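Source file: start09.pdb. Holds: PDB, C-alpha atoms and all ligand atoms.
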```pdb
MODEL        1
ATOM      1  CA  MET A   1      51.191  12.496  29.695
ATOM      2  CA  LYS A   2      54.952  11.992  30.132
ATOM      3  CA  TYR A   3      56.474   9.728  27.476
ATOM      4  CA  ALA A   4      59.855   8.039  27.155
ATOM      5  CA  LEU A   5      61.765   8.005  23.871
ATOM      6  CA  VAL A   6      64.367   5.265  23.551
ATOM      7  CA  THR A   7      66.597   5.464  20.469
ATOM      8  CA  GLY A   8      67.608   2.051  19.185
ATOM      9  CA  GLY A   9      64.761   0.511  21.154
ATOM     10  CA  SER A  10      64.174  -2.375  18.761
ATOM     11  CA  ARG A  11      66.878  -4.736  20.001
ATOM     12  CA  GLY A  12      69.367  -5.509  22.762
ATOM     13  CA  ILE A  13      69.810  -3.025  25.584
ATOM     14  CA  GLY A  14      67.321  -0.576  24.037
ATOM     15  CA  ARG A  15      64.581  -3.214  23.927
ATOM     16  CA  ALA A  16      65.196  -4.112  27.581
ATOM     17  CA  VAL A  17      65.033  -0.414  28.500
ATOM     18  CA  CYS A  18      61.720  -0.003  26.651
ATOM     19  CA  ILE A  19      60.265  -3.006  28.480
ATOM     20  CA  LYS A  20      61.520  -1.770  31.852
ATOM     21  CA  LEU A  21      60.168   1.769  31.443
ATOM     22  CA  ALA A  22      56.812   0.456  30.200
ATOM     23  CA  SER A  23      56.628  -1.830  33.238
ATOM     24  CA  MET A  24      57.004   1.324  35.375
ATOM     25  CA  GLY A  25      53.843   2.701  33.749
ATOM     26  CA  ILE A  26      55.619   5.050  31.339
ATOM     27  CA  PRO A  27      54.317   5.076  27.737
ATOM     28  CA  VAL A  28      57.277   4.361  25.487
ATOM     29  CA  ILE A  29      58.256   5.495  21.988
ATOM     30  CA  ILE A  30      60.416   2.807  20.412
ATOM     31  CA  ASN A  31      62.804   4.317  17.885
ATOM     32  CA  TYR A  32      64.648   2.100  15.410
ATOM     33  CA  GLN A  33      66.619   2.554  12.221
ATOM     34  CA  SER A  34      65.500  -0.231   9.876
ATOM     35  CA  ASN A  35      64.619  -3.433  11.740
ATOM     36  CA  SER A  36      60.849  -2.975  11.912
ATOM     37  CA  GLU A  37      60.335  -6.655  12.748
ATOM     38  CA  ALA A  38      62.417  -6.332  15.917
ATOM     39  CA  ALA A  39      60.730  -3.033  16.814
ATOM     40  CA  LEU A  40      57.292  -4.608  16.434
ATOM     41  CA  GLU A  41      58.403  -7.507  18.642
ATOM     42  CA  THR A  42      59.478  -5.028  21.353
ATOM     43  CA  GLN A  43      56.095  -3.330  21.070
ATOM     44  CA  ARG A  44      54.284  -6.695  21.253
ATOM     45  CA  LEU A  45      56.185  -7.704  24.402
ATOM     46  CA  ILE A  46      55.186  -4.419  26.059
ATOM     47  CA  VAL A  47      51.547  -4.481  25.008
ATOM     48  CA  ASP A  48      51.152  -8.165  25.991
ATOM     49  CA  ALA A  49      52.376  -7.218  29.469
ATOM     50  CA  GLY A  50      49.785  -4.422  29.700
ATOM     51  CA  GLY A  51      52.072  -1.504  28.819
ATOM     52  CA  ARG A  52      51.865   1.223  26.192
ATOM     53  CA  ALA A  53      54.276   1.595  23.301
ATOM     54  CA  GLU A  54      54.417   3.133  19.858
ATOM     55  CA  LEU A  55      57.007   2.930  17.099
ATOM     56  CA  MET A  56      58.979   5.812  15.621
ATOM     57  CA  GLN A  57      61.351   5.046  12.780
ATOM     58  CA  PHE A  58      64.219   7.424  12.065
ATOM     59  CA  ASP A  59      67.944   7.341  11.564
ATOM     60  CA  VAL A  60      69.496   9.316  14.426
ATOM     61  CA  THR A  61      72.242  10.560  12.086
ATOM     62  CA  ASP A  62      69.703  12.216   9.779
ATOM     63  CA  GLU A  63      68.819  15.569  11.315
ATOM     64  CA  ALA A  64      65.891  16.195   8.969
ATOM     65  CA  ALA A  65      64.403  12.774   9.687
ATOM     66  CA  VAL A  66      64.748  13.288  13.450
ATOM     67  CA  THR A  67      63.056  16.691  13.299
ATOM     68  CA  ASN A  68      60.312  15.483  10.991
ATOM     69  CA  ALA A  69      59.441  12.443  13.122
ATOM     70  CA  LEU A  70      59.354  14.458  16.340
ATOM     71  CA  ASP A  71      57.378  17.315  14.747
ATOM     72  CA  ASN A  72      54.766  14.794  13.576
ATOM     73  CA  TRP A  73      54.622  13.160  16.990
ATOM     74  CA  GLU A  74      54.084  16.501  18.734
ATOM     75  CA  ASN A  75      51.300  17.401  16.309
ATOM     76  CA  GLU A  76      49.578  14.106  17.068
ATOM     77  CA  HIS A  77      50.171  14.456  20.831
ATOM     78  CA  PRO A  78      49.380  18.083  21.712
ATOM     79  CA  ASP A  79      48.957  17.339  25.421
ATOM     80  CA  ASP A  80      51.936  15.010  25.825
ATOM     81  CA  TYR A  81      55.672  15.514  25.962
ATOM     82  CA  ILE A  82      58.839  13.476  26.146
ATOM     83  CA  ALA A  83      60.033  13.602  29.736
ATOM     84  CA  TYR A  84      62.486  10.680  29.523
ATOM     85  CA  LEU A  85      65.025  10.429  26.716
ATOM     86  CA  VAL A  86      67.368   7.467  26.460
ATOM     87  CA  ASN A  87      70.031   8.030  23.795
ATOM     88  CA  ASN A  88      70.881   4.403  23.231
ATOM     89  CA  ALA A  89      71.328   3.944  19.454
ATOM     90  CA  GLY A  90      74.901   2.918  18.707
ATOM     91  CA  ILE A  91      77.037   0.862  16.379
ATOM     92  CA  ARG A  92      80.484  -0.731  16.509
ATOM     93  CA  LYS A  93      82.910  -0.864  13.569
ATOM     94  CA  ASP A  94      86.170  -2.116  15.030
ATOM     95  CA  SER A  95      89.595  -2.164  13.416
ATOM     96  CA  MET A  96      93.091  -1.023  14.218
ATOM     97  CA  MET A  97      93.317   2.687  13.490
ATOM     98  CA  PHE A  98      96.115   2.426  10.908
ATOM     99  CA  MET A  99      93.745   0.550   8.611
ATOM    100  CA  MET A 100      90.410   2.105   9.585
ATOM    101  CA  PRO A 101      88.421   3.384   6.584
ATOM    102  CA  ASP A 102      87.000   6.924   6.748
ATOM    103  CA  SER A 103      83.467   5.529   6.626
ATOM    104  CA  ASP A 104      83.964   3.464   9.817
ATOM    105  CA  TRP A 105      85.357   6.453  11.676
ATOM    106  CA  HIS A 106      82.520   8.735  10.607
ATOM    107  CA  SER A 107      79.576   6.348  10.929
ATOM    108  CA  VAL A 108      80.393   5.377  14.521
ATOM    109  CA  ILE A 109      80.842   9.000  15.584
ATOM    110  CA  ASP A 110      77.748  10.063  13.625
ATOM    111  CA  THR A 111      75.514   7.515  15.312
ATOM    112  CA  THR A 112      76.663   7.975  18.895
ATOM    113  CA  LEU A 113      77.567  11.650  19.028
ATOM    114  CA  ASN A 114      75.653  13.432  16.261
ATOM    115  CA  GLY A 115      72.635  11.210  16.946
ATOM    116  CA  PHE A 116      72.689  12.286  20.582
ATOM    117  CA  PHE A 117      72.952  15.932  19.488
ATOM    118  CA  TYR A 118      70.110  15.918  16.950
ATOM    119  CA  VAL A 119      67.620  14.029  19.106
ATOM    120  CA  THR A 120      68.427  15.760  22.394
ATOM    121  CA  ARG A 121      68.416  19.271  20.945
ATOM    122  CA  ARG A 122      64.963  18.629  19.474
ATOM    123  CA  VAL A 123      63.513  17.185  22.696
ATOM    124  CA  LEU A 124      65.100  19.598  25.192
ATOM    125  CA  PRO A 125      62.988  22.776  24.890
ATOM    126  CA  LYS A 126      59.724  21.185  26.007
ATOM    127  CA  MET A 127      61.453  19.076  28.634
ATOM    128  CA  MET A 128      63.067  22.162  30.163
ATOM    129  CA  ARG A 129      59.952  24.307  29.934
ATOM    130  CA  ARG A 130      57.925  21.794  31.971
ATOM    131  CA  ARG A 131      60.423  21.804  34.888
ATOM    132  CA  HIS A 132      58.913  18.464  35.757
ATOM    133  CA  GLY A 133      61.861  16.222  36.441
ATOM    134  CA  GLY A 134      63.025  15.493  32.904
ATOM    135  CA  ARG A 135      65.598  12.754  32.445
ATOM    136  CA  ILE A 136      68.241  12.259  29.787
ATOM    137  CA  ILE A 137      70.281   9.060  29.880
ATOM    138  CA  ASN A 138      73.108   8.566  27.425
ATOM    139  CA  MET A 139      74.364   5.065  26.671
ATOM    140  CA  ALA A 140      78.142   5.432  26.841
ATOM    141  CA  SER A 141      80.539   2.514  27.335
ATOM    142  CA  LEU A 142      83.465   1.315  29.369
ATOM    143  CA  SER A 143      85.342   1.820  26.089
ATOM    144  CA  GLY A 144      84.754   5.574  26.388
ATOM    145  CA  LEU A 145      86.353   5.607  29.838
ATOM    146  CA  LYS A 146      89.378   3.350  29.487
ATOM    147  CA  GLY A 147      89.734   2.986  25.696
ATOM    148  CA  LEU A 148      89.962  -0.401  24.030
ATOM    149  CA  PRO A 149      92.338  -1.408  21.212
ATOM    150  CA  GLY A 150      90.544  -1.653  17.866
ATOM    151  CA  GLN A 151      87.954   0.871  18.990
ATOM    152  CA  THR A 152      89.475   4.332  18.500
ATOM    153  CA  ASN A 153      86.302   5.432  16.703
ATOM    154  CA  TYR A 154      83.958   3.912  19.288
ATOM    155  CA  SER A 155      86.036   5.040  22.292
ATOM    156  CA  ALA A 156      86.268   8.573  20.880
ATOM    157  CA  ALA A 157      82.514   8.728  20.286
ATOM    158  CA  LYS A 158      81.645   7.424  23.750
ATOM    159  CA  ALA A 159      84.217   9.664  25.489
ATOM    160  CA  ALA A 160      82.755  12.651  23.650
ATOM    161  CA  LEU A 161      79.276  11.605  24.716
ATOM    162  CA  ILE A 162      80.478  11.555  28.323
ATOM    163  CA  GLY A 163      81.867  15.096  27.944
ATOM    164  CA  ALA A 164      78.593  16.288  26.448
ATOM    165  CA  THR A 165      76.679  14.630  29.304
ATOM    166  CA  LYS A 166      78.663  16.597  31.897
ATOM    167  CA  SER A 167      78.220  19.909  30.060
ATOM    168  CA  LEU A 168      74.538  19.489  29.372
ATOM    169  CA  ALA A 169      73.855  18.446  32.972
ATOM    170  CA  GLN A 170      75.074  21.869  34.072
ATOM    171  CA  GLU A 171      72.943  23.643  31.468
ATOM    172  CA  THR A 172      69.708  21.935  32.490
ATOM    173  CA  ALA A 173      70.085  21.474  36.258
ATOM    174  CA  GLN A 174      68.055  24.553  37.149
ATOM    175  CA  ARG A 175      65.174  23.250  35.025
ATOM    176  CA  ALA A 176      65.129  19.993  37.029
ATOM    177  CA  VAL A 177      66.348  18.009  34.020
ATOM    178  CA  SER A 178      69.053  15.522  34.953
ATOM    179  CA  VAL A 179      71.553  14.211  32.422
ATOM    180  CA  ASN A 180      73.581  11.095  33.133
ATOM    181  CA  ALA A 181      75.609   8.540  31.228
ATOM    182  CA  VAL A 182      75.526   4.791  31.739
ATOM    183  CA  ALA A 183      78.727   2.962  30.838
ATOM    184  CA  PRO A 184      78.225  -0.782  30.348
ATOM    185  CA  GLY A 185      81.057  -3.282  30.014
ATOM    186  CA  PHE A 186      80.381  -6.466  28.006
ATOM    187  CA  ILE A 187      76.617  -7.027  27.641
ATOM    188  CA  GLU A 188      74.965  -9.916  25.744
ATOM    189  CA  SER A 189      73.386  -8.506  22.565
ATOM    190  CA  ASP A 190      73.687  -8.543  18.766
ATOM    191  CA  MET A 191      76.513  -6.036  19.157
ATOM    192  CA  THR A 192      78.662  -8.519  21.079
ATOM    193  CA  LYS A 193      77.564 -11.805  19.509
ATOM    194  CA  ASP A 194      80.676 -11.977  17.290
ATOM    195  CA  LEU A 195      82.996 -11.680  20.318
ATOM    196  CA  ASP A 196      84.679 -14.674  21.982
ATOM    197  CA  GLU A 197      82.596 -14.606  25.175
ATOM    198  CA  GLU A 198      84.360 -17.618  26.736
ATOM    199  CA  GLU A 199      87.716 -15.855  26.449
ATOM    200  CA  LEU A 200      86.581 -12.288  27.247
ATOM    201  CA  LYS A 201      84.552 -13.188  30.309
ATOM    202  CA  LYS A 202      87.807 -14.197  31.992
ATOM    203  CA  LEU A 203      88.624 -10.471  32.102
ATOM    204  CA  VAL A 204      85.451  -9.745  34.076
ATOM    205  CA  PRO A 205      85.693 -10.219  37.872
ATOM    206  CA  MET A 206      82.111 -11.565  37.868
ATOM    207  CA  ASN A 207      83.221 -13.994  35.141
ATOM    208  CA  ARG A 208      80.265 -13.346  32.837
ATOM    209  CA  PHE A 209      78.799 -10.868  30.388
ATOM    210  CA  GLY A 210      75.963  -8.691  31.691
ATOM    211  CA  LYS A 211      72.368  -8.948  30.544
ATOM    212  CA  PRO A 212      70.454  -6.123  28.837
ATOM    213  CA  GLU A 213      67.901  -6.312  31.678
ATOM    214  CA  GLU A 214      70.632  -5.462  34.195
ATOM    215  CA  VAL A 215      71.453  -2.270  32.271
ATOM    216  CA  ALA A 216      67.738  -1.521  31.911
ATOM    217  CA  ALA A 217      67.284  -1.746  35.690
ATOM    218  CA  LEU A 218      69.854   1.027  36.137
ATOM    219  CA  VAL A 219      68.221   3.186  33.457
ATOM    220  CA  GLY A 220      64.869   2.553  35.125
ATOM    221  CA  PHE A 221      66.213   3.811  38.447
ATOM    222  CA  LEU A 222      67.588   6.945  36.765
ATOM    223  CA  CYS A 223      64.043   7.619  35.522
ATOM    224  CA  THR A 224      62.498   7.515  38.999
ATOM    225  CA  ASP A 225      61.929  10.462  41.323
ATOM    226  CA  GLU A 226      64.354   8.828  43.770
ATOM    227  CA  SER A 227      67.261   9.618  41.418
ATOM    228  CA  SER A 228      66.468  13.339  41.278
ATOM    229  CA  TYR A 229      69.765  14.555  42.825
ATOM    230  CA  ILE A 230      71.990  12.499  40.503
ATOM    231  CA  THR A 231      73.187  14.464  37.484
ATOM    232  CA  GLY A 232      76.304  14.776  35.351
ATOM    233  CA  GLN A 233      77.428  11.304  36.381
ATOM    234  CA  VAL A 234      78.858   8.361  34.503
ATOM    235  CA  ILE A 235      77.598   5.169  36.091
ATOM    236  CA  GLY A 236      79.499   2.002  35.243
ATOM    237  CA  ILE A 237      77.794  -1.374  34.960
ATOM    238  CA  ASN A 238      80.467  -3.875  34.109
ATOM    239  CA  GLY A 239      80.700  -6.823  36.539
ATOM    240  CA  GLY A 240      83.758  -5.251  38.155
ATOM    241  CA  LEU A 241      85.741  -4.879  34.899
ATOM    242  CA  TYR A 242      87.363  -1.508  34.852
ATOM    243  CA  THR A 243      91.150  -1.527  34.598
TER
HETATM  244  P1  LIG B 301      72.422  -3.734  19.262
HETATM  245  O1  LIG B 301      71.852  -4.962  19.827
HETATM  246  O2  LIG B 301      73.347  -3.837  18.080
HETATM  247  O3  LIG B 301      71.218  -2.724  18.912
HETATM  248  C1  LIG B 301      71.500  -1.495  18.324
HETATM  249  C2  LIG B 301      70.235  -0.668  18.287
HETATM  250  O4  LIG B 301      70.569   0.637  17.781
HETATM  251  C3  LIG B 301      69.175  -1.224  17.356
HETATM  252  O5  LIG B 301      67.922  -0.970  17.938
HETATM  253  C4  LIG B 301      69.369  -0.412  16.079
HETATM  254  O6  LIG B 301      68.162  -0.291  15.294
HETATM  255  C5  LIG B 301      69.729   0.930  16.681
HETATM  256  N1  LIG B 301      70.440   1.810  15.760
HETATM  257  C6  LIG B 301      71.670   1.647  15.214
HETATM  258  N2  LIG B 301      71.965   2.682  14.418
HETATM  259  C7  LIG B 301      70.900   3.522  14.456
HETATM  260  C8  LIG B 301      70.588   4.747  13.821
HETATM  261  N3  LIG B 301      71.457   5.355  12.971
HETATM  262  N4  LIG B 301      69.386   5.325  14.084
HETATM  263  C9  LIG B 301      68.486   4.739  14.919
HETATM  264  N5  LIG B 301      68.738   3.575  15.539
HETATM  265  C10 LIG B 301      69.930   2.971  15.306
HETATM  266  O7  LIG B 301      73.271  -2.925  20.343
HETATM  267  P2  LIG B 301      73.268  -3.005  21.964
HETATM  268  O8  LIG B 301      74.341  -3.935  22.389
HETATM  269  O9  LIG B 301      71.903  -3.161  22.463
HETATM  270  O10 LIG B 301      73.819  -1.535  22.275
HETATM  271  C11 LIG B 301      72.976  -0.469  22.648
HETATM  272  C12 LIG B 301      73.840   0.688  23.126
HETATM  273  O11 LIG B 301      74.646   0.250  24.211
HETATM  274  C13 LIG B 301      74.810   1.203  22.064
HETATM  275  O12 LIG B 301      74.940   2.601  22.173
HETATM  276  C14 LIG B 301      76.116   0.547  22.447
HETATM  277  O13 LIG B 301      77.219   1.277  21.986
HETATM  278  C15 LIG B 301      76.003   0.547  23.956
HETATM  279  N6  LIG B 301      76.854  -0.450  24.608
HETATM  280  C16 LIG B 301      76.695  -1.778  24.358
HETATM  281  C17 LIG B 301      77.522  -2.683  25.004
HETATM  282  C18 LIG B 301      77.408  -4.164  24.776
HETATM  283  O14 LIG B 301      78.278  -4.894  25.274
HETATM  284  N7  LIG B 301      76.395  -4.660  24.098
HETATM  285  C19 LIG B 301      78.505  -2.225  25.885
HETATM  286  C20 LIG B 301      78.626  -0.862  26.110
HETATM  287  C21 LIG B 301      77.780   0.015  25.479
HETATM  288  P3  LIG B 301      67.735  -1.431  14.201
HETATM  289  O15 LIG B 301      67.228  -2.601  15.002
HETATM  290  O16 LIG B 301      66.690  -0.783  13.366
HETATM  291  O17 LIG B 301      68.987  -1.763  13.441
ENDMDL
END
```
Give the structure from this file in structure tokens form.
Ligand code: NAP
Amino acid sequence: MKYALVTGGSRGIGRAVCIKLASMGIPVIINYQSNSEAALETQRLIVDAGGRAELMQFDVTDEAAVTNALDNWENEHPDDYIAYLVNNAGIRKDSMMFMMPDSDWHSVIDTTLNGFFYVTRRVLPKMMRRRHGGRIINMASLSGLKGLPGQTNYSAAKAALIGATKSLAQETAQRAVSVNAVAPGFIESDMTKDLDEEELKKLVPMNRFGKPEEVAALVGFLCTDESSYITGQVIGINGGLYT
């Protein structure tokens, strides 16, 4: 059985991705860091709609916890493997760089970049061995493409994730594993709820923030067989906001 693992699947974009993939008939592993209530709600929404989902708690920045959780899962699922990996967990800790504390620099890079590394490295061997159309989708950001003031940590982490996406895509192409990045603009979620949406949406040609379900639809497409020749790409989803 081919499973999907979605990091940060408890809330926001990750929850919408879990629901979308489950609606496509893919059993989903919902990873979360600490909000078990939100993770359970994601699972309930999937199961109520007739899908399959299980929870997997770990902090993506904790290599031992990642390895342990995935080792346990493989022991309990000897005939299954993770064919779809969505590296979605991310945090934002904005401030101007001249007053950014070390901890805000490191935690943002740890979550986005080291989290991607630990989880992907652990999942890759089986995915490549199967040669069965594996999919890795990395949640980047418009901020990693154009940079945004107050986000040197976040922009650096997302730009690095884009670089890693392009490298890894070339390493795995011959094993039929595609690796792509999705780069959303402003999307409605807990991460953006403190922003002045009325003001910021004026920057967006479509004059609104995007919805998590709109990002999930793109991730869903990247998990279909129809997307098999797309790899190493960064696909923007931003209502026309780029420059
Ligand atoms: P969100 O609503 O704040 O949700 C963040 C998710 O990440 C939660 O499920 C959280 O788990 C999980 N998470 C955070 N740190 C983690 C860790 N160390 N280990 C495991 N899970 C962790 O964020 P969102 O807006 O949906 O964003 C999802 C992704 O999209 C992020 O990578 C973000 O950078 C990217 N993005 C968002 C936007 C936007 O406008 N919203 C735009 C561009 C890119 P808990 O529930 O347990 O805390």
Target residues per the PyMOL selection byres (((not hetatm)) within 8 of (chain B and resi 301)), formatted as a short mmCIF file (atom, residue, chain, number, x, y, z; two decimals) with C-alpha atoms, in the coordinates of the input:
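So the final result, stored in part_3.cif, reads:
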```
data_model
loop_
_atom_site.label_atom_id
_atom_site.label_comp_id
_atom_site.auth_asym_id
_atom_site.auth_seq_id
_atom_site.Cartn_x
_atom_site.Cartn_y
_atom_site.Cartn_z
CA THR A 7 66.60 5.46 20.47
CA GLY A 8 67.61 2.05 19.18
CA GLY A 9 64.76 0.51 21.15
CA SER A 10 64.17 -2.38 18.76
CA ARG A 11 66.88 -4.74 20.00
CA GLY A 12 69.37 -5.51 22.76
CA ILE A 13 69.81 -3.02 25.58
CA GLY A 14 67.32 -0.58 24.04
CA ARG A 15 64.58 -3.21 23.93
CA ASN A 31 62.80 4.32 17.89
CA TYR A 32 64.65 2.10 15.41
CA GLN A 33 66.62 2.55 12.22
CA SER A 34 65.50 -0.23 9.88
CA ASN A 35 64.62 -3.43 11.74
CA SER A 36 60.85 -2.98 11.91
CA ALA A 38 62.42 -6.33 15.92
CA ALA A 39 60.73 -3.03 16.81
CA GLN A 57 61.35 5.05 12.78
CA PHE A 58 64.22 7.42 12.06
CA ASP A 59 67.94 7.34 11.56
CA VAL A 60 69.50 9.32 14.43
CA THR A 61 72.24 10.56 12.09
CA ASP A 62 69.70 12.22 9.78
CA ASN A 87 70.03 8.03 23.80
CA ASN A 88 70.88 4.40 23.23
CA ALA A 89 71.33 3.94 19.45
CA GLY A 90 74.90 2.92 18.71
CA ILE A 91 77.04 0.86 16.38
CA ARG A 92 80.48 -0.73 16.51
CA ASP A 110 77.75 10.06 13.62
CA THR A 111 75.51 7.52 15.31
CA THR A 112 76.66 7.98 18.90
CA GLY A 115 72.64 11.21 16.95
CA MET A 139 74.36 5.07 26.67
CA ALA A 140 78.14 5.43 26.84
CA SER A 141 80.54 2.51 27.34
CA LEU A 142 83.46 1.32 29.37
CA SER A 143 85.34 1.82 26.09
CA TYR A 154 83.96 3.91 19.29
CA LYS A 158 81.64 7.42 23.75
CA ALA A 183 78.73 2.96 30.84
CA PRO A 184 78.22 -0.78 30.35
CA GLY A 185 81.06 -3.28 30.01
CA PHE A 186 80.38 -6.47 28.01
CA ILE A 187 76.62 -7.03 27.64
CA GLU A 188 74.96 -9.92 25.74
CA SER A 189 73.39 -8.51 22.56
CA ASP A 190 73.69 -8.54 18.77
CA MET A 191 76.51 -6.04 19.16
CA THR A 192 78.66 -8.52 21.08
CA PHE A 209 78.80 -10.87 30.39
CA GLY A 210 75.96 -8.69 31.69
CA PRO A 212 70.45 -6.12 28.84
#
```
Edge lengths and centre in Å to one decimal, as lines of an AutoDock Vina configuration file, is what I'm after for the box along x, y and z that holds all listed atoms of range 169-182 of chain A once 8 Å is added on each side.
```
center_x = 70.4
center_y = 14.7
center_z = 34.2
size_x = 26.5
size_y = 35.8
size_z = 21.9
```
- Message: Counting all atoms listed in the file, which residue out of A:Glu37, A:Glu76, A:Glu226, A:Asp194 sits closest to Gly133 in chain A?
- Response: A:Glu226
- Query: On this structure, which residues satisfy the PyMOL selection byres (((chain A and resi 203) around 12) and not hetatm), written as a list in words?
  - Reply: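 Going through the file, the PyMOL selection byres (((chain A and resi 203) around 12) and not hetatm) ends up selecting Gly185, Phe186, Asp196, Glu197, Glu198, Glu199, Leu200, Lys201, Lys202, Val204, Pro205, Met206, Asn207, Arg208, Phe209, Asn238, Gly239, Gly240, Leu241, Tyr242 and Thr243 of chain A.
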- Query: Of the candidates A:Asp104, A:Met97, A:Ala83, A:Ser167, which one gets nearest to Arg129 in chain A if we count only C-alpha atoms?
  - Reply: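 Using only C-alpha atoms, the shortest distance to Arg129 in chain A belongs to A:Ala83.
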- Task: Identify all residues satisfying the PyMOL selection byres (((chain A and resi 163) around 12) and not hetatm) in the given file; provide them as a VMD selection string.
- Result: chain A and resid 113 138 140 144 to 145 156 to 162 164 to 170 179 to 181 232 to 234
- Message: If we count only C-alpha atoms and set the cut-off at 12 Å, which residues sit around Ala49 in chain A, ignoring sequence neighbours fewer than 2 positions away in its own chain? Please answer as a PyMOL selection string.
- Response: chain A and resi 19-20+22-25+42-47+51-53
- Query: How many Å separate CA of Phe116 in chain A from CA of Val17 in chain A?
  - Reply: 16.8 Å
- Message: What's around Gly134 in chain A at 12 Å? Count only C-alpha atoms, leave out sequence neighbours fewer than 4 positions away in its own chain, and write the answer as a PyMOL selection string.
- Response: chain A and resi 2-5+81-86+120+123-130+169+172-180+222-225+227-228+231
- Query: Between CA of Glu63 in chain A and CA of Arg122 in chain A, what is the distance, to one decimal in Å?
  - Reply: 9.5 Å
- Tell me which of A:Thr67, A:Ala217, A:Asp80, A:Thr152 sits closest to Trp105 in chain A, counting only C-alpha atoms. A:Thr152
- Item | Interatomic distance, CA of Arg131 in chain A to CA of Ala65 in chain A (Å, one decimal) |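 Taking CA of Arg131 in chain A and CA of Ala65 in chain A, their separation equals 27.1 Å.
Closest approach to Val215 in chain A among A:Leu195, A:Ile237, A:Cys18, A:Val6 is made by A:Ile237 (distances from all atoms listed in the file).
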